[in-house]
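Novice: A single structure is presented below for examination.
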Amino acid sequence: MKSSGIAVAASVTCIVAWTAKAVAIGLAGGLDRSALESPLFMVGFIASLVAGVAIGLAHTAGRRIVARVGAVALVLVCVFLLILGVNLVLGQLIQSDFWVWGEVNLWILALLVFGIALVGRQTSSKV
């Protein structure tokens, strides 16, 4: 499987895991009440990292190893900065203790990584 396909599969895994986490939280009645909450978060987190690495590798196919490693590092830094930015914006816009608002940042990240993976797959198939 090519890196672009791995990126799409990993980003879909992230979406599914974090959606399942939200369902588990909702069924349990709130945060920290479900035994599935932490494992599903970790599955989604690892999948988002795998997707980020695969996106970096997909966009640098055929380049020197230094460029590929640099691209992967840059993608991971960008994902980290994206998380911080989304958290900052949501923290300013939403003043609520309802658990859903604490999960929105994960859904935004997962959908953005999925979108980037899809765009990367489309551009790599045209080359």
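Labeling convention for the structure tokens: chains A, B, ... as they appear, residues from 1 per chain, ligands from 1 in order of appearance.
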I'd like the contact shell of Ala35 in chain A - 10 Å cut-off, only C-alpha atoms, skipping same-chain residues fewer than 4 positions apart - returned as a list of chain:residue names.

Specialist: A:Lys21, A:Ala24, A:Ile25, A:Ala28, A:Pro39, A:Leu40

Novice: Can you tell me, as a PyMOL selection string, what residues are no more than 9 Å from Leu90 in chain A when counting only C-alpha atoms, ignoring any on the same chain fewer than 2 positions away?

Specialist: chain A and resi 85-88+92-95+101-102+104-105

Novice: Write a file of the selected residues as a PDB file, in the first residue's frame, keeping N, CA and C atoms.

Specialist:
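What ended up in result_39.pdb:
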```pdb
ATOM      1  N   GLY A  85      -3.921  25.445  18.378  1.00  0.00           N
ATOM      2  CA  GLY A  85      -4.728  26.535  17.820  1.00  0.00           C
ATOM      3  C   GLY A  85      -6.214  26.285  17.949  1.00  0.00           C
ATOM      4  N   VAL A  86      -6.643  25.074  17.634  1.00  0.00           N
ATOM      5  CA  VAL A  86      -8.068  24.738  17.740  1.00  0.00           C
ATOM      6  C   VAL A  86      -8.513  24.828  19.198  1.00  0.00           C
ATOM      7  N   ASN A  87      -7.696  24.316  20.115  1.00  0.00           N
ATOM      8  CA  ASN A  87      -8.037  24.399  21.541  1.00  0.00           C
ATOM      9  C   ASN A  87      -8.149  25.845  22.005  1.00  0.00           C
ATOM     10  N   LEU A  88      -7.232  26.681  21.556  1.00  0.00           N
ATOM     11  CA  LEU A  88      -7.248  28.088  21.932  1.00  0.00           C
ATOM     12  C   LEU A  88      -8.504  28.787  21.416  1.00  0.00           C
ATOM     13  N   GLN A  92     -11.877  30.112  23.663  1.00  0.00           N
ATOM     14  CA  GLN A  92     -12.357  31.492  23.669  1.00  0.00           C
ATOM     15  C   GLN A  92     -13.816  31.591  23.227  1.00  0.00           C
ATOM     16  N   LEU A  93     -14.227  30.724  22.318  1.00  0.00           N
ATOM     17  CA  LEU A  93     -15.583  30.809  21.762  1.00  0.00           C
ATOM     18  C   LEU A  93     -16.636  30.116  22.619  1.00  0.00           C
ATOM     19  N   ILE A  94     -16.244  29.048  23.274  1.00  0.00           N
ATOM     20  CA  ILE A  94     -17.227  28.214  23.970  1.00  0.00           C
ATOM     21  C   ILE A  94     -16.933  28.211  25.464  1.00  0.00           C
ATOM     22  N   GLN A  95     -17.882  28.669  26.213  1.00  0.00           N
ATOM     23  CA  GLN A  95     -17.760  28.677  27.670  1.00  0.00           C
ATOM     24  C   GLN A  95     -18.814  27.729  28.244  1.00  0.00           C
ATOM     25  N   TRP A 101     -18.188  19.666  24.150  1.00  0.00           N
ATOM     26  CA  TRP A 101     -17.298  20.755  23.727  1.00  0.00           C
ATOM     27  C   TRP A 101     -15.836  20.405  23.965  1.00  0.00           C
ATOM     28  N   GLY A 102     -15.574  19.529  24.892  1.00  0.00           N
ATOM     29  CA  GLY A 102     -14.206  19.068  25.109  1.00  0.00           C
ATOM     30  C   GLY A 102     -13.726  18.083  24.071  1.00  0.00           C
ATOM     31  N   VAL A 104     -14.783  18.347  20.695  1.00  0.00           N
ATOM     32  CA  VAL A 104     -14.867  18.968  19.369  1.00  0.00           C
ATOM     33  C   VAL A 104     -13.487  19.109  18.736  1.00  0.00           C
ATOM     34  N   ASN A 105     -12.481  19.440  19.534  1.00  0.00           N
ATOM     35  CA  ASN A 105     -11.142  19.602  18.979  1.00  0.00           C
ATOM     36  C   ASN A 105     -10.638  18.313  18.335  1.00  0.00           C
TER      37      ASN A 105
END
```

Novice: Which of these, A:Val23, A:Val16, A:Val72, A:Arg64, has the shortest distance to Gly52 in chain A once you count only C-alpha atoms?

Specialist: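 That would be A:Val72, the residue with the smallest distance to Gly52 in chain A.
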
Novice: Between CA of Val79 in chain A and CA of Leu106 in chain A, what is the distance in Å, rounded to a tenth?

Specialist: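 CA of Leu106 in chain A lies at a distance of 11.4 Å from CA of Val79 in chain A.
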
Novice: Quick one: residues within 12 Å of Gly26 in chain A, only C-alpha atoms, excluding same-chain residues fewer than 3 positions away - as a list in words?

Specialist: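 Once the nearby chain positions are removed, what remains is Thr19, Ala20, Lys21, Ala22, Val23, Gly29, Gly30, Leu31, Asp32, Arg33, Ser34, Leu36, Glu37, Phe98, Trp99, Val100 and Glu103 of chain A.
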
Novice: Just to be explicit: take each residue in the selection above, keep N, CA and C atoms, and write the result as a short mmCIF file (atom, residue, chain, number, x, y, z; two decimals), in the first residue's frame.

Specialist:
```cif
data_model
loop_
_atom_site.label_atom_id
_atom_site.label_comp_id
_atom_site.auth_asym_id
_atom_site.auth_seq_id
_atom_site.Cartn_x
_atom_site.Cartn_y
_atom_site.Cartn_z
N THR A 19 -14.98 8.89 17.25
CA THR A 19 -16.44 8.87 17.27
C THR A 19 -16.94 7.82 18.26
N ALA A 20 -16.30 6.65 18.26
CA ALA A 20 -16.66 5.60 19.22
C ALA A 20 -16.40 6.07 20.65
N LYS A 21 -15.33 6.83 20.84
CA LYS A 21 -15.03 7.40 22.17
C LYS A 21 -16.16 8.32 22.61
N ALA A 22 -16.63 9.17 21.71
CA ALA A 22 -17.73 10.08 22.05
C ALA A 22 -19.00 9.31 22.38
N VAL A 23 -19.27 8.26 21.62
CA VAL A 23 -20.45 7.43 21.89
C VAL A 23 -20.31 6.77 23.27
N GLY A 29 -22.67 8.52 30.35
CA GLY A 29 -23.23 9.65 31.09
C GLY A 29 -22.25 10.77 31.38
N GLY A 30 -21.11 10.78 30.71
CA GLY A 30 -20.16 11.88 30.90
C GLY A 30 -18.73 11.41 30.89
N LEU A 31 -17.84 12.38 31.02
CA LEU A 31 -16.41 12.10 30.98
C LEU A 31 -15.96 11.24 32.15
N ASP A 32 -14.94 10.43 31.89
CA ASP A 32 -14.30 9.58 32.90
C ASP A 32 -15.23 8.56 33.53
N ARG A 33 -16.26 8.18 32.82
CA ARG A 33 -17.19 7.17 33.34
C ARG A 33 -17.17 5.89 32.52
N SER A 34 -16.44 5.89 31.41
CA SER A 34 -16.38 4.72 30.54
C SER A 34 -14.97 4.16 30.52
N LEU A 36 -13.82 2.52 28.14
CA LEU A 36 -13.36 2.58 26.75
C LEU A 36 -12.79 3.94 26.36
N GLU A 37 -13.00 4.93 27.18
CA GLU A 37 -12.61 6.30 26.83
C GLU A 37 -11.11 6.43 26.54
N PHE A 98 -20.12 21.25 29.27
CA PHE A 98 -20.70 20.07 28.65
C PHE A 98 -19.59 19.29 27.95
N TRP A 99 -19.50 17.99 28.16
CA TRP A 99 -18.39 17.17 27.70
C TRP A 99 -18.20 17.22 26.19
N VAL A 100 -19.25 17.43 25.43
CA VAL A 100 -19.15 17.44 23.96
C VAL A 100 -18.16 18.51 23.50
N GLU A 103 -14.65 17.54 23.30
CA GLU A 103 -14.31 16.56 22.26
C GLU A 103 -14.26 17.17 20.86
#
```

Novice: Taking the DSSP secondary structure from the backbone, can you list the residues of chain A that are helix (DSSP H, G or I), as an NGL selection string?

Specialist: :A and (3-28 or 37-58 or 65-93 or 99-126)

Novice: Selected residues, C-alpha atoms, written as a tab-separated table (two decimals), in the first residue's frame, please.

Specialist:
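Done, and the output landed in out27.tsv:
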```tsv
chain	number	residue	atom	x	y	z
A	3	SER	CA	1.82	6.12	1.80
A	4	SER	CA	-1.20	8.07	0.57
A	5	GLY	CA	-3.44	5.03	1.05
A	6	ILE	CA	-2.03	4.45	4.52
A	7	ALA	CA	-2.72	8.11	5.36
A	8	VAL	CA	-6.37	7.78	4.32
A	9	ALA	CA	-6.83	4.48	6.18
A	10	ALA	CA	-5.20	5.83	9.33
A	11	SER	CA	-7.25	9.03	9.24
A	12	VAL	CA	-10.47	7.02	8.86
A	13	THR	CA	-9.36	4.87	11.81
A	14	CYS	CA	-8.85	8.06	13.81
A	15	ILE	CA	-12.35	9.31	12.95
A	16	VAL	CA	-13.93	5.97	13.87
A	17	ALA	CA	-12.00	5.67	17.15
A	18	TRP	CA	-12.80	9.20	18.31
A	19	THR	CA	-16.44	8.87	17.27
A	20	ALA	CA	-16.66	5.60	19.22
A	21	LYS	CA	-15.03	7.40	22.17
A	22	ALA	CA	-17.73	10.08	22.05
A	23	VAL	CA	-20.45	7.43	21.89
A	24	ALA	CA	-18.90	5.62	24.87
A	25	ILE	CA	-18.78	8.87	26.85
A	26	GLY	CA	-22.38	9.68	25.96
A	27	LEU	CA	-23.64	6.20	26.89
A	28	ALA	CA	-21.73	6.29	30.18
A	37	GLU	CA	-12.61	6.30	26.83
A	38	SER	CA	-8.82	6.13	27.24
A	39	PRO	CA	-8.16	3.17	24.91
A	40	LEU	CA	-10.26	4.72	22.14
A	41	PHE	CA	-8.47	8.04	22.57
A	42	MET	CA	-5.10	6.29	22.23
A	43	VAL	CA	-6.21	4.39	19.12
A	44	GLY	CA	-7.30	7.66	17.53
A	45	PHE	CA	-4.16	9.47	18.65
A	46	ILE	CA	-1.82	6.79	17.28
A	47	ALA	CA	-3.85	6.66	14.05
A	48	SER	CA	-3.54	10.44	13.67
A	49	LEU	CA	0.24	10.20	14.13
A	50	VAL	CA	0.45	7.38	11.57
A	51	ALA	CA	-1.63	9.46	9.16
A	52	GLY	CA	0.65	12.45	9.71
A	53	VAL	CA	3.77	10.40	9.02
A	54	ALA	CA	2.19	8.84	5.94
A	55	ILE	CA	1.12	12.26	4.64
A	56	GLY	CA	4.69	13.54	5.01
A	57	LEU	CA	6.07	10.48	3.24
A	58	ALA	CA	3.47	10.62	0.47
A	65	ILE	CA	15.87	10.65	3.02
A	66	VAL	CA	16.75	13.94	4.71
A	67	ALA	CA	13.86	15.68	2.94
A	68	ARG	CA	11.48	12.86	3.86
A	69	VAL	CA	12.46	12.89	7.54
A	70	GLY	CA	12.17	16.69	7.57
A	71	ALA	CA	8.72	16.53	6.00
A	72	VAL	CA	7.50	14.00	8.56
A	73	ALA	CA	8.82	16.15	11.41
A	74	LEU	CA	7.18	19.23	9.88
A	75	VAL	CA	3.83	17.47	9.54
A	76	LEU	CA	3.92	16.31	13.17
A	77	VAL	CA	4.81	19.82	14.37
A	78	CYS	CA	1.97	21.25	12.26
A	79	VAL	CA	-0.50	18.75	13.75
A	80	PHE	CA	0.63	19.74	17.25
A	81	LEU	CA	0.26	23.45	16.43
A	82	LEU	CA	-3.14	22.77	14.88
A	83	ILE	CA	-4.30	21.08	18.08
A	84	LEU	CA	-3.09	24.03	20.15
A	85	GLY	CA	-4.73	26.53	17.82
A	86	VAL	CA	-8.07	24.74	17.74
A	87	ASN	CA	-8.04	24.40	21.54
A	88	LEU	CA	-7.25	28.09	21.93
A	89	VAL	CA	-10.00	29.22	19.56
A	90	LEU	CA	-12.60	26.85	20.99
A	91	GLY	CA	-11.64	27.86	24.54
A	92	GLN	CA	-12.36	31.49	23.67
A	93	LEU	CA	-15.58	30.81	21.76
A	99	TRP	CA	-18.39	17.17	27.70
A	100	VAL	CA	-19.15	17.44	23.96
A	101	TRP	CA	-17.30	20.76	23.73
A	102	GLY	CA	-14.21	19.07	25.11
A	103	GLU	CA	-14.31	16.56	22.26
A	104	VAL	CA	-14.87	18.97	19.37
A	105	ASN	CA	-11.14	19.60	18.98
A	106	LEU	CA	-10.55	15.90	18.34
A	107	TRP	CA	-13.25	15.75	15.68
A	108	ILE	CA	-11.89	18.85	13.95
A	109	LEU	CA	-8.38	17.41	13.95
A	110	ALA	CA	-9.55	14.04	12.66
A	111	LEU	CA	-11.55	15.61	9.83
A	112	LEU	CA	-8.70	17.94	8.85
A	113	VAL	CA	-6.19	15.08	8.75
A	114	PHE	CA	-8.68	13.06	6.69
A	115	GLY	CA	-9.15	15.95	4.26
A	116	ILE	CA	-5.41	16.46	3.90
A	117	ALA	CA	-4.93	12.73	3.35
A	118	LEU	CA	-7.61	12.72	0.63
A	119	VAL	CA	-6.10	15.75	-1.11
A	120	GLY	CA	-2.67	14.13	-0.89
A	121	ARG	CA	-4.00	10.95	-2.38
A	122	GLN	CA	-5.58	12.84	-5.27
A	123	THR	CA	-2.43	14.84	-6.01
A	124	SER	CA	-0.13	11.81	-5.74
A	125	SER	CA	-2.30	9.81	-8.16
A	126	LYS	CA	-2.06	12.61	-10.76
```
